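Pasting coords_18.cif here (mmCIF, C-alpha atoms):
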data_final
#
loop_
_atom_site.group_PDB
_atom_site.id
_atom_site.type_symbol
_atom_site.label_atom_id
_atom_site.label_comp_id
_atom_site.auth_asym_id
_atom_site.auth_seq_id
_atom_site.Cartn_x
_atom_site.Cartn_y
_atom_site.Cartn_z
ATOM 1 C CA MET A 92 36.228 100.012 -17.617
ATOM 2 C CA ALA A 93 33.017 99.723 -15.599
ATOM 3 C CA ASP A 94 31.743 102.940 -14.037
ATOM 4 C CA SER A 95 29.203 101.328 -11.687
ATOM 5 C CA LEU A 96 28.214 97.991 -10.186
ATOM 6 C CA ARG A 97 25.159 98.043 -12.451
ATOM 7 C CA ALA A 98 27.477 97.969 -15.470
ATOM 8 C CA PHE A 99 28.771 94.526 -14.479
ATOM 9 C CA ILE A 100 25.202 93.184 -14.408
ATOM 10 C CA ASP A 101 24.074 94.868 -17.626
ATOM 11 C CA ARG A 102 26.911 93.512 -19.732
ATOM 12 C CA LEU A 103 26.396 89.856 -18.795
ATOM 13 C CA GLU A 104 26.139 87.390 -21.659
ATOM 14 C CA PRO A 105 24.545 84.536 -19.743
ATOM 15 C CA PRO A 106 24.863 80.908 -20.794
ATOM 16 C CA ALA A 107 21.650 78.998 -21.493
ATOM 17 C CA ARG A 108 21.267 76.540 -18.619
ATOM 18 C CA SER A 109 18.380 74.499 -17.255
ATOM 19 C CA LEU A 110 17.676 72.027 -14.464
ATOM 20 C CA VAL A 111 16.262 68.555 -15.035
ATOM 21 C CA ILE A 112 14.952 66.339 -12.244
ATOM 22 C CA LEU A 113 15.684 62.740 -13.178
ATOM 23 C CA ASN A 114 13.337 59.961 -12.058
ATOM 24 C CA ARG A 115 11.729 61.882 -9.225
ATOM 25 C CA SER A 116 10.287 59.838 -6.390
ATOM 26 C CA ALA A 117 10.362 62.691 -3.887
ATOM 27 C CA PRO A 118 6.990 64.209 -2.936
ATOM 28 C CA ASP A 119 5.364 66.861 -5.102
ATOM 29 C CA ALA A 120 6.141 69.353 -2.340
ATOM 30 C CA ALA A 121 9.873 69.037 -3.119
ATOM 31 C CA ARG A 122 9.199 69.857 -6.766
ATOM 32 C CA ARG A 123 7.111 72.869 -5.761
ATOM 33 C CA LEU A 124 9.909 74.154 -3.531
ATOM 34 C CA LEU A 125 12.397 73.887 -6.375
ATOM 35 C CA ASP A 126 9.997 75.582 -8.778
ATOM 36 C CA GLY A 127 9.498 78.369 -6.260
ATOM 37 C CA LEU A 128 13.237 78.970 -5.905
ATOM 38 C CA PHE A 129 13.534 79.545 -9.651
ATOM 39 C CA ALA A 130 10.246 81.304 -10.299
ATOM 40 C CA ASP A 131 10.784 84.139 -12.793
ATOM 41 C CA GLN A 132 14.450 83.168 -13.251
ATOM 42 C CA PRO A 133 16.123 82.426 -16.611
ATOM 43 C CA VAL A 134 16.581 78.800 -15.537
ATOM 44 C CA ALA A 135 13.870 76.318 -16.519
ATOM 45 C CA VAL A 136 13.081 73.368 -14.240
ATOM 46 C CA GLU A 137 11.873 70.201 -15.949
ATOM 47 C CA GLU A 138 11.398 66.522 -15.144
ATOM 48 C CA LEU A 139 12.555 63.483 -17.055
ATOM 49 C CA HIS A 140 11.551 59.883 -16.373
ATOM 50 C CA ARG A 141 13.916 57.221 -17.658
ATOM 51 C CA PRO A 142 13.189 53.769 -16.201
ATOM 52 C CA GLU A 143 16.450 52.404 -17.633
ATOM 53 C CA ALA A 144 18.542 54.869 -15.602
ATOM 54 C CA ASP A 145 19.896 53.806 -12.207
ATOM 55 C CA GLU A 146 19.693 57.334 -10.807
ATOM 56 C CA THR A 147 16.618 58.592 -8.972
ATOM 57 C CA ASP A 148 15.887 61.984 -7.417
ATOM 58 C CA VAL A 149 18.900 63.547 -9.119
ATOM 59 C CA VAL A 150 18.875 67.141 -10.368
ATOM 60 C CA ALA A 151 21.108 67.776 -13.369
ATOM 61 C CA LEU A 152 22.343 71.143 -14.619
ATOM 62 C CA ILE A 153 22.243 71.182 -18.426
ATOM 63 C CA GLU A 154 24.102 73.447 -20.840
ATOM 64 C CA ASP A 155 24.040 72.892 -24.610
ATOM 65 C CA GLY A 156 22.587 69.429 -24.106
ATOM 66 C CA THR A 157 25.396 68.365 -21.763
ATOM 67 C CA ILE A 158 25.177 67.644 -18.037
ATOM 68 C CA ILE A 159 27.698 69.924 -16.321
ATOM 69 C CA ALA A 160 26.727 69.236 -12.694
ATOM 70 C CA ARG A 161 24.601 66.892 -10.590
ATOM 71 C CA SER A 162 23.058 67.118 -7.116
ATOM 72 C CA THR A 163 20.510 65.003 -5.300
ATOM 73 C CA VAL A 164 17.119 66.326 -4.313
ATOM 74 C CA ASP A 165 18.103 65.645 -0.686
ATOM 75 C CA GLU A 166 21.157 67.900 -1.028
ATOM 76 C CA LEU A 167 18.975 70.743 -2.277
ATOM 77 C CA LEU A 168 16.440 70.197 0.494
ATOM 78 C CA SER A 169 19.037 70.213 3.277
ATOM 79 C CA THR A 170 21.014 73.233 2.075
ATOM 80 C CA ILE A 171 18.403 75.572 0.583
ATOM 81 C CA LEU A 172 14.838 74.367 0.272
ATOM 82 C CA LEU A 173 14.141 73.321 3.877
ATOM 83 C CA VAL A 174 16.237 75.886 5.769
ATOM 84 C CA ASN A 175 15.868 79.588 6.495
ATOM 85 C CA SER A 176 18.197 82.550 6.798
ATOM 86 C CA ASP A 177 18.246 82.409 10.620
ATOM 87 C CA LEU A 178 20.573 79.431 10.263
ATOM 88 C CA TYR A 179 23.253 81.846 9.030
ATOM 89 C CA LYS A 180 22.319 84.958 11.002
ATOM 90 C CA THR A 181 22.575 83.142 14.320
ATOM 91 C CA GLY A 182 25.625 81.104 13.342
ATOM 92 C CA SER A 183 23.849 77.757 13.777
ATOM 93 C CA ARG A 184 25.586 76.512 10.630
ATOM 94 C CA GLU A 185 29.313 77.003 11.057
ATOM 95 C CA LEU A 186 31.346 78.464 8.218
ATOM 96 C CA GLU A 187 33.258 75.271 7.482
ATOM 97 C CA ALA A 188 29.954 73.423 7.023
ATOM 98 C CA VAL A 189 28.576 75.812 4.396
ATOM 99 C CA GLU A 190 28.266 74.245 0.964
ATOM 100 C CA LEU A 191 26.366 75.012 -2.208
ATOM 101 C CA PRO A 192 25.019 72.006 -4.132
ATOM 102 C CA ALA A 193 26.867 71.489 -7.400
ATOM 103 C CA VAL A 194 23.871 72.362 -9.589
ATOM 104 C CA LEU A 195 23.463 75.718 -7.838
ATOM 105 C CA ASP A 196 27.195 76.344 -7.722
ATOM 106 C CA GLY A 197 27.167 75.852 -11.484
ATOM 107 C CA LEU A 198 24.768 78.758 -12.080
ATOM 108 C CA THR A 199 27.634 81.228 -12.322
ATOM 109 C CA ASP A 200 27.266 84.234 -14.632
ATOM 110 C CA VAL A 201 23.498 83.707 -14.838
ATOM 111 C CA PRO A 202 21.527 86.864 -13.990
ATOM 112 C CA PHE A 203 18.962 86.518 -11.234
ATOM 113 C CA ARG A 204 16.128 88.578 -9.805
ATOM 114 C CA LEU A 205 15.297 87.541 -6.261
ATOM 115 C CA ARG A 206 12.860 88.747 -3.616
ATOM 116 C CA GLY A 207 13.380 88.872 0.127
ATOM 117 C CA TYR A 208 11.012 87.985 2.955
ATOM 118 C CA PRO A 209 8.017 88.279 3.184
ATOM 119 C CA ASP A 210 7.557 88.200 -0.604
ATOM 120 C CA SER A 211 9.600 85.005 -0.763
ATOM 121 C CA ASN A 212 10.872 82.669 1.940
ATOM 122 C CA LYS A 213 13.615 81.083 -0.169
ATOM 123 C CA GLU A 214 14.850 83.272 -3.012
ATOM 124 C CA LYS A 215 17.065 85.592 -0.942
ATOM 125 C CA LEU A 216 18.461 82.596 0.934
ATOM 126 C CA LEU A 217 20.291 81.652 -2.240
ATOM 127 C CA LEU A 218 22.246 84.939 -2.058
ATOM 128 C CA ILE A 219 23.000 84.400 1.608
ATOM 129 C CA THR A 220 24.351 80.916 0.927
ATOM 130 C CA VAL A 221 26.491 82.075 -2.001
ATOM 131 C CA SER A 222 27.851 84.851 0.223
ATOM 132 C CA ARG A 223 28.846 82.334 2.897
ATOM 133 C CA VAL A 224 30.499 80.094 0.316
ATOM 134 C CA ILE A 225 32.665 83.012 -0.820
ATOM 135 C CA GLU A 226 33.444 83.969 2.783
ATOM 136 C CA ARG A 227 34.477 80.373 3.437
ATOM 137 C CA ARG A 228 36.922 80.567 0.529
ATOM 138 C CA ALA A 229 38.435 83.712 2.021
ATOM 139 C CA ALA A 230 38.774 82.095 5.445
ATOM 140 C CA GLU A 231 40.376 78.952 4.044
ATOM 141 C CA ALA A 232 42.824 80.955 1.941
ATOM 142 C CA GLY A 233 44.050 83.053 4.884
ATOM 143 C CA SER A 234 45.355 85.613 2.401
ATOM 144 C CA GLY A 235 44.109 87.801 -0.427
ATOM 145 C CA THR A 236 41.290 90.342 -0.069
ATOM 146 C CA LEU A 237 37.615 90.065 0.828
ATOM 147 C CA ARG A 238 35.277 93.019 0.191
ATOM 148 C CA SER A 239 31.696 92.824 1.470
ATOM 149 C CA SER A 240 28.795 95.247 1.687
ATOM 150 C CA PHE A 241 26.106 95.256 4.378
ATOM 151 C CA GLN A 242 23.950 98.266 3.455
ATOM 152 C CA TYR A 243 24.109 99.173 7.177
ATOM 153 C CA LEU A 244 27.209 98.183 9.123
ATOM 154 C CA SER A 245 25.134 97.641 12.279
ATOM 155 C CA ARG A 246 24.213 94.256 10.776
ATOM 156 C CA LEU A 247 27.633 93.108 11.947
ATOM 157 C CA GLN A 248 26.435 93.786 15.472
ATOM 158 C CA ASP A 249 22.863 92.552 15.115
ATOM 159 C CA GLU A 250 23.652 89.242 13.385
ATOM 160 C CA ALA A 251 25.864 87.145 15.656
ATOM 161 C CA GLY A 252 26.595 84.584 12.954
ATOM 162 C CA THR A 253 27.717 87.226 10.473
ATOM 163 C CA ARG A 254 29.949 88.893 13.049
ATOM 164 C CA THR A 255 31.583 85.550 13.874
ATOM 165 C CA VAL A 256 32.256 84.902 10.194
ATOM 166 C CA TYR A 257 34.070 88.216 9.763
ATOM 167 C CA GLU A 258 36.075 87.720 12.945
ATOM 168 C CA THR A 259 37.111 84.319 11.577
ATOM 169 C CA VAL A 260 38.068 85.572 8.122
ATOM 170 C CA GLY A 261 39.959 88.599 9.456
ATOM 171 C CA ARG A 262 41.923 86.571 11.999
ATOM 172 C CA ALA A 263 42.793 83.983 9.347
ATOM 173 C CA GLY A 264 45.008 86.579 7.652
ATOM 174 C CA THR A 265 42.752 87.719 4.807
ATOM 175 C CA ASP A 266 42.574 91.486 4.259
ATOM 176 C CA VAL A 267 38.878 92.195 4.950
ATOM 177 C CA HIS A 268 37.047 95.382 3.914
ATOM 178 C CA VAL A 269 33.411 96.041 4.854
ATOM 179 C CA TYR A 270 31.148 98.663 3.279
ATOM 180 C CA GLY A 271 27.874 100.346 4.235
ATOM 181 C CA VAL A 272 26.232 103.204 6.060
ATOM 182 C CA ASP A 273 28.453 103.603 9.120
ATOM 183 C CA ASP A 274 25.819 103.374 11.857
ATOM 184 C CA TRP A 275 27.887 101.256 14.264
ATOM 185 C CA ASP A 276 30.462 103.036 16.424
ATOM 186 C CA THR A 277 32.282 99.875 17.456
ATOM 187 C CA ALA A 278 32.750 98.340 14.001
ATOM 188 C CA GLY A 279 36.471 99.026 14.426
ATOM 189 C CA THR A 280 36.678 96.270 17.051
ATOM 190 C CA LEU A 281 36.548 93.681 14.263
ATOM 191 C CA PRO A 282 39.736 92.759 12.335
ATOM 192 C CA VAL A 283 38.423 94.576 9.244
ATOM 193 C CA THR A 284 38.820 97.889 7.414
ATOM 194 C CA VAL A 285 35.601 99.920 7.504
ATOM 195 C CA HIS A 286 34.375 101.959 4.518
ATOM 196 C CA GLY A 287 31.344 104.067 5.405
ATOM 197 C CA GLY A 288 29.270 106.115 2.991
ATOM 198 C CA CYS A 289 25.753 107.183 2.079
ATOM 199 C CA SER A 290 25.746 106.902 -1.718
ATOM 200 C CA ARG A 291 23.331 104.527 -3.449
ATOM 201 C CA GLU A 292 26.009 101.851 -3.885
ATOM 202 C CA TYR A 293 26.645 101.868 -0.147
ATOM 203 C CA ARG A 294 22.938 101.714 0.688
ATOM 204 C CA ARG A 295 21.575 99.446 -2.051
ATOM 205 C CA SER A 296 24.347 97.054 -3.052
ATOM 206 C CA TRP A 297 25.111 93.536 -1.894
ATOM 207 C CA PHE A 298 28.543 92.312 -2.861
ATOM 208 C CA VAL A 299 30.962 89.724 -1.532
ATOM 209 C CA VAL A 300 34.189 89.642 -3.521
ATOM 210 C CA PHE A 301 37.165 87.409 -2.738
ATOM 211 C CA ARG A 302 40.346 88.115 -4.649
ATOM 212 C CA PRO A 303 43.165 85.663 -3.823
ATOM 213 C CA ALA A 304 46.711 86.906 -3.513
ATOM 214 C CA ASP A 305 47.265 85.517 -7.030
ATOM 215 C CA PRO A 306 43.775 85.621 -8.593
ATOM 216 C CA THR A 307 44.957 84.500 -12.037
ATOM 217 C CA GLY A 308 47.151 81.655 -10.805
ATOM 218 C CA VAL A 309 44.366 79.233 -9.842
ATOM 219 C CA ALA A 310 41.540 77.474 -11.618
ATOM 220 C CA GLY A 311 38.470 79.648 -12.024
ATOM 221 C CA ASP A 312 36.328 77.316 -9.919
ATOM 222 C CA GLY A 313 38.944 76.856 -7.223
ATOM 223 C CA ALA A 314 39.624 73.263 -8.314
ATOM 224 C CA PRO A 315 43.149 71.806 -8.489
ATOM 225 C CA ASP A 316 45.032 72.262 -11.719
ATOM 226 C CA ALA A 317 44.900 69.322 -14.118
ATOM 227 C CA CYS A 318 48.597 68.667 -13.490
ATOM 228 C CA ASP A 319 48.271 68.899 -9.707
ATOM 229 C CA SER A 320 49.758 65.829 -8.040
ATOM 230 C CA GLY A 321 47.565 65.999 -4.968
ATOM 231 C CA SER A 322 48.776 69.116 -3.173
ATOM 232 C CA GLU A 323 46.163 71.259 -1.477
ATOM 233 C CA SER A 324 44.666 73.789 -3.870
ATOM 234 C CA VAL A 325 44.237 77.473 -3.075
ATOM 235 C CA PRO A 326 40.583 78.602 -3.029
ATOM 236 C CA GLY A 327 39.830 80.420 -6.268
ATOM 237 C CA PRO A 328 38.424 83.908 -6.845
ATOM 238 C CA ALA A 329 34.705 84.494 -6.470
ATOM 239 C CA ALA A 330 32.310 87.416 -6.533
ATOM 240 C CA LEU A 331 28.645 88.041 -5.847
ATOM 241 C CA VAL A 332 27.192 91.350 -7.049
ATOM 242 C CA ALA A 333 23.555 92.372 -6.478
ATOM 243 C CA LEU A 334 21.625 95.642 -6.469
ATOM 244 C CA GLU A 335 18.344 96.466 -4.766
ATOM 245 C CA ASP A 336 16.721 98.579 -7.473
ATOM 246 C CA GLU A 337 13.255 97.959 -6.047
ATOM 247 C CA ARG A 338 12.390 97.574 -2.396
ATOM 248 C CA ASN A 339 13.361 94.048 -1.314
ATOM 249 C CA VAL A 340 14.073 92.930 -4.906
ATOM 250 C CA TRP A 341 17.652 92.109 -5.922
ATOM 251 C CA ASP A 342 19.216 91.882 -9.398
ATOM 252 C CA GLY A 343 22.643 90.361 -9.783
ATOM 253 C CA PHE A 344 24.882 87.366 -10.431
ATOM 254 C CA TRP A 345 27.868 85.506 -9.068
ATOM 255 C CA THR A 346 31.014 84.478 -10.889
ATOM 256 C CA TYR A 347 34.260 82.571 -10.466
ATOM 257 C CA ARG A 348 35.962 84.034 -13.547
ATOM 258 C CA PRO A 349 39.363 85.344 -12.381
ATOM 259 C CA GLY A 350 39.507 88.303 -14.770
ATOM 260 C CA LEU A 351 36.008 89.492 -13.890
ATOM 261 C CA VAL A 352 36.633 89.117 -10.159
ATOM 262 C CA VAL A 353 39.779 91.223 -10.477
ATOM 263 C CA GLU A 354 37.840 93.890 -12.382
ATOM 264 C CA ILE A 355 35.041 94.010 -9.792
ATOM 265 C CA ASP A 356 37.555 94.188 -6.970
ATOM 266 C CA ALA A 357 39.417 97.013 -8.704
ATOM 267 C CA TYR A 358 36.196 98.952 -9.200
ATOM 268 C CA LEU A 359 35.276 98.663 -5.506
ATOM 269 C CA GLN A 360 38.743 99.742 -4.448
ATOM 270 C CA ARG A 361 38.584 102.722 -6.784
ATOM 271 C CA ALA A 362 34.982 103.869 -6.338
ATOM 272 C CA LEU A 363 34.129 103.040 -2.719
#
Whole structure given in structure tokens:
Amino acid sequence: MADSLRAFIDRLEPPARSLVILNRSAPDAARRLLDGLFADQPVAVEELHRPEADETDVVALIEDGTIIARSTVDELLSTILLVNSDLYKTGSRELEAVELPAVLDGLTDVPFRLRGYPDSNKEKLLLITVSRVIERRAAEAGSGTLRSSFQYLSRLQDEAGTRTVYETVGRAGTDVHVYGVDDWDTAGTLPVTVHGGCSREYRRSWFVVFRPADPTGVAGDGAPDACDSGSESVPGPAALVALEDERNVWDGFWTYRPGLVVEIDAYLQRAL
């Protein structure tokens, strides 16, 4: 049984994955942006030119020599590489429009170390986007539990887009719990349960954990079961866990594994 959020990060056994850009025709600037997003990460970015292939400007996620996901360079540019965090803070991109390209979505259970602005313009945006993807799952489910930390709860007041998201998720029927230093007197006006504290995990953690009402009864990636005849699938469990051990530097991972999500959720319920 984990005794801290750090324990979940330390015990990771990450898969060996890499990204390959196939037949790039996009400008060198696009390659530099992608390299910058994964600088100092355990994910190599390479290029491969195959004239016989029909695909161009496709980024493939490779594990054990097998392609497990594909995205276009344009998809990466429009969702991560050419946007900034204000898109989410102000609510300019609505929750139902938030998506993570398949090659990034496939980087589950891979440890990361990301820097915030001004040290990096893009790295922290990846965490913000993953957070929104998990929040979208919780809103679409309309049930289950969502637990999210904000370091300081006043962020729910200062960031209009974030506040709107949590109003949406709470009103959808999901049981929403928010965590952080309780520096906002009117946080109770949101349809959420507030958990305030001053310990390090309140002040230095970033987690977004969605546990469906039946977290072990759906596919780990939220996809329909192989025997599904076309009925709408229930969004699957998901968790992002990150810790700010150094100023503006975050260590963590995200996962869709049902058992691990349940364990993280149970720890938060018990410890915070």
Find the residues near Asp94 in chain A: any atom within 9 Å, counting all atoms listed in the file, skip ones fewer than 4 places away on the same chain, and give them as a list of chain:residue names.
->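 These residues fall inside the cut-off: A:Ala98, A:Phe99, A:Tyr358, A:Ala362.
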Residue subset to file, keeping C-alpha atoms, as a tab-separated table (two decimals), in the coordinates of the input:
chain	number	residue	atom	x	y	z
A	98	ALA	CA	27.48	97.97	-15.47
A	99	PHE	CA	28.77	94.53	-14.48
A	358	TYR	CA	36.20	98.95	-9.20
A	362	ALA	CA	34.98	103.87	-6.34
Which is closer to Ile219 in chain A than all the others in A:Val299, A:Cys289, A:Val283, A:Leu96, using all atoms listed in the file?
->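 Of all the options, A:Val299 lies closest to Ile219 in chain A.
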Expand the PyMOL selection byres ((chain A and resi 300) around 9) into the individual residues it matches in the shown file, reporting them as a list in words.
-> Ser222, Ile225, Glu226, Thr236, Leu237, Arg238, Ser239, Phe298, Val299, Phe301, Arg302, Pro328, Ala329, Ala330, Leu331, Val332, Val352, Ile355 and Asp356 of chain A
Using the chain letters and numbering of this document, enumerate as number ranges by chain the residues selected by the PyMOL selection byres ((chain A and resi 197-205) around 8).
-> A: 100, 103-106, 108, 131-133, 152, 159-160, 193-196, 206-207, 214-215, 340-347
Mind pulling up the distance from CA of Val111 in chain A to CA of Gly156 in chain A?
->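 So the answer is 11.1 Å.
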Fewer than 6 positions away in the same chain doesn't count, so skip those; otherwise give me all residues within 9 Å of Ala117 in chain A, counting all atoms listed in the file, as a CSV table (one decimal) with C-alpha atoms, in the coordinates of the input.
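Wrote it out as result-v4.csv, contents follow:
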chain,number,residue,atom,x,y,z
A,148,ASP,CA,15.9,62.0,-7.4
A,164,VAL,CA,17.1,66.3,-4.3
A,165,ASP,CA,18.1,65.6,-0.7
Enter the distance from CA of Asp273 in chain A to CA of Leu244 in chain A, in Å, rounded to one decimal.
-> 5.6 Å
Got a sec: who's within 12 Å of Glu190 in chain A, counting only C-alpha atoms, leaving out chain neighbours fewer than 5 positions off, as number ranges by chain?
-> A: 162, 166-167, 169-171, 184-185, 195-196, 217, 219-228
List as an mmCIF file with C-alpha atoms, in the coordinates of the input the residues having at least one atom at most 12 Å from position (25.9, 92.2, 14.2) as given in the file, counting only C-alpha atoms.
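Okay, out.cif is ready:
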data_model
loop_
_atom_site.group_PDB
_atom_site.id
_atom_site.type_symbol
_atom_site.label_atom_id
_atom_site.label_comp_id
_atom_site.auth_asym_id
_atom_site.auth_seq_id
_atom_site.Cartn_x
_atom_site.Cartn_y
_atom_site.Cartn_z
ATOM 1 C CA TYR A 179 23.253 81.846 9.030
ATOM 2 C CA LYS A 180 22.319 84.958 11.002
ATOM 3 C CA THR A 181 22.575 83.142 14.320
ATOM 4 C CA GLY A 182 25.625 81.104 13.342
ATOM 5 C CA PHE A 241 26.106 95.256 4.378
ATOM 6 C CA TYR A 243 24.109 99.173 7.177
ATOM 7 C CA LEU A 244 27.209 98.183 9.123
ATOM 8 C CA SER A 245 25.134 97.641 12.279
ATOM 9 C CA ARG A 246 24.213 94.256 10.776
ATOM 10 C CA LEU A 247 27.633 93.108 11.947
ATOM 11 C CA GLN A 248 26.435 93.786 15.472
ATOM 12 C CA ASP A 249 22.863 92.552 15.115
ATOM 13 C CA GLU A 250 23.652 89.242 13.385
ATOM 14 C CA ALA A 251 25.864 87.145 15.656
ATOM 15 C CA GLY A 252 26.595 84.584 12.954
ATOM 16 C CA THR A 253 27.717 87.226 10.473
ATOM 17 C CA ARG A 254 29.949 88.893 13.049
ATOM 18 C CA THR A 255 31.583 85.550 13.874
ATOM 19 C CA VAL A 256 32.256 84.902 10.194
ATOM 20 C CA TYR A 257 34.070 88.216 9.763
ATOM 21 C CA GLU A 258 36.075 87.720 12.945
ATOM 22 C CA ASP A 274 25.819 103.374 11.857
ATOM 23 C CA TRP A 275 27.887 101.256 14.264
ATOM 24 C CA ASP A 276 30.462 103.036 16.424
ATOM 25 C CA THR A 277 32.282 99.875 17.456
ATOM 26 C CA ALA A 278 32.750 98.340 14.001
ATOM 27 C CA THR A 280 36.678 96.270 17.051
ATOM 28 C CA LEU A 281 36.548 93.681 14.263
#
Report as number ranges by chain the residues that result from applying the PyMOL selection byres ((chain A and resi 363) around 12) to the structure here.
-> A: 94-96, 238-240, 268-272, 285-294, 296, 355-362
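Residue nearest Leu334 in chain A, chosen from A:Arg102, A:Arg122, A:Arg295, A:Arg348 and counting all atoms listed in the file: A:Arg295.
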Two-atom distance - CA of Glu337 in chain A, CA of Val174 in chain A (Å) =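 If I compute the distance from CA of Glu337 in chain A to CA of Val174 in chain A, I get 25.2 Å.
Residues within 8 Å of Leu128 in chain A, counting only C-alpha atoms and excluding same-chain residues fewer than 3 positions away, are Leu124, Leu125, Leu172, Lys213 and Glu214 of chain A.
Comparing the minimum interatomic distances between Glu143 in chain A and each of A:Leu113, A:Gly127, A:Arg161, A:Pro326, counting all atoms listed in the file, we find that A:Leu113 sits nearest.
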Pick out the closest residue to Pro303 in chain A from this set: A:Ala333, A:Val260, A:Ala232, A:Glu354. Count only C-alpha atoms.
->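 Under the stated criterion, the closest residue is A:Ala232.
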Identify which of the residues A:Ala121, A:Ala229, A:Leu110, A:Ala151 lies closest to Val136 in chain A, counting all atoms listed in the file when measuring atom-to-atom distances.
->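 The closest residue to Val136 in chain A is A:Leu110.
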Could you write out as AutoDock Vina command-line options the box around range 246-253 of chain A (axis-aligned, all atoms listed in the file, 3 Å on each side), with centre and edge lengths in Å to one decimal?
--center_x 25.3 --center_y 89.4 --center_z 13.1 --size_x 10.9 --size_y 15.7 --size_z 11.2
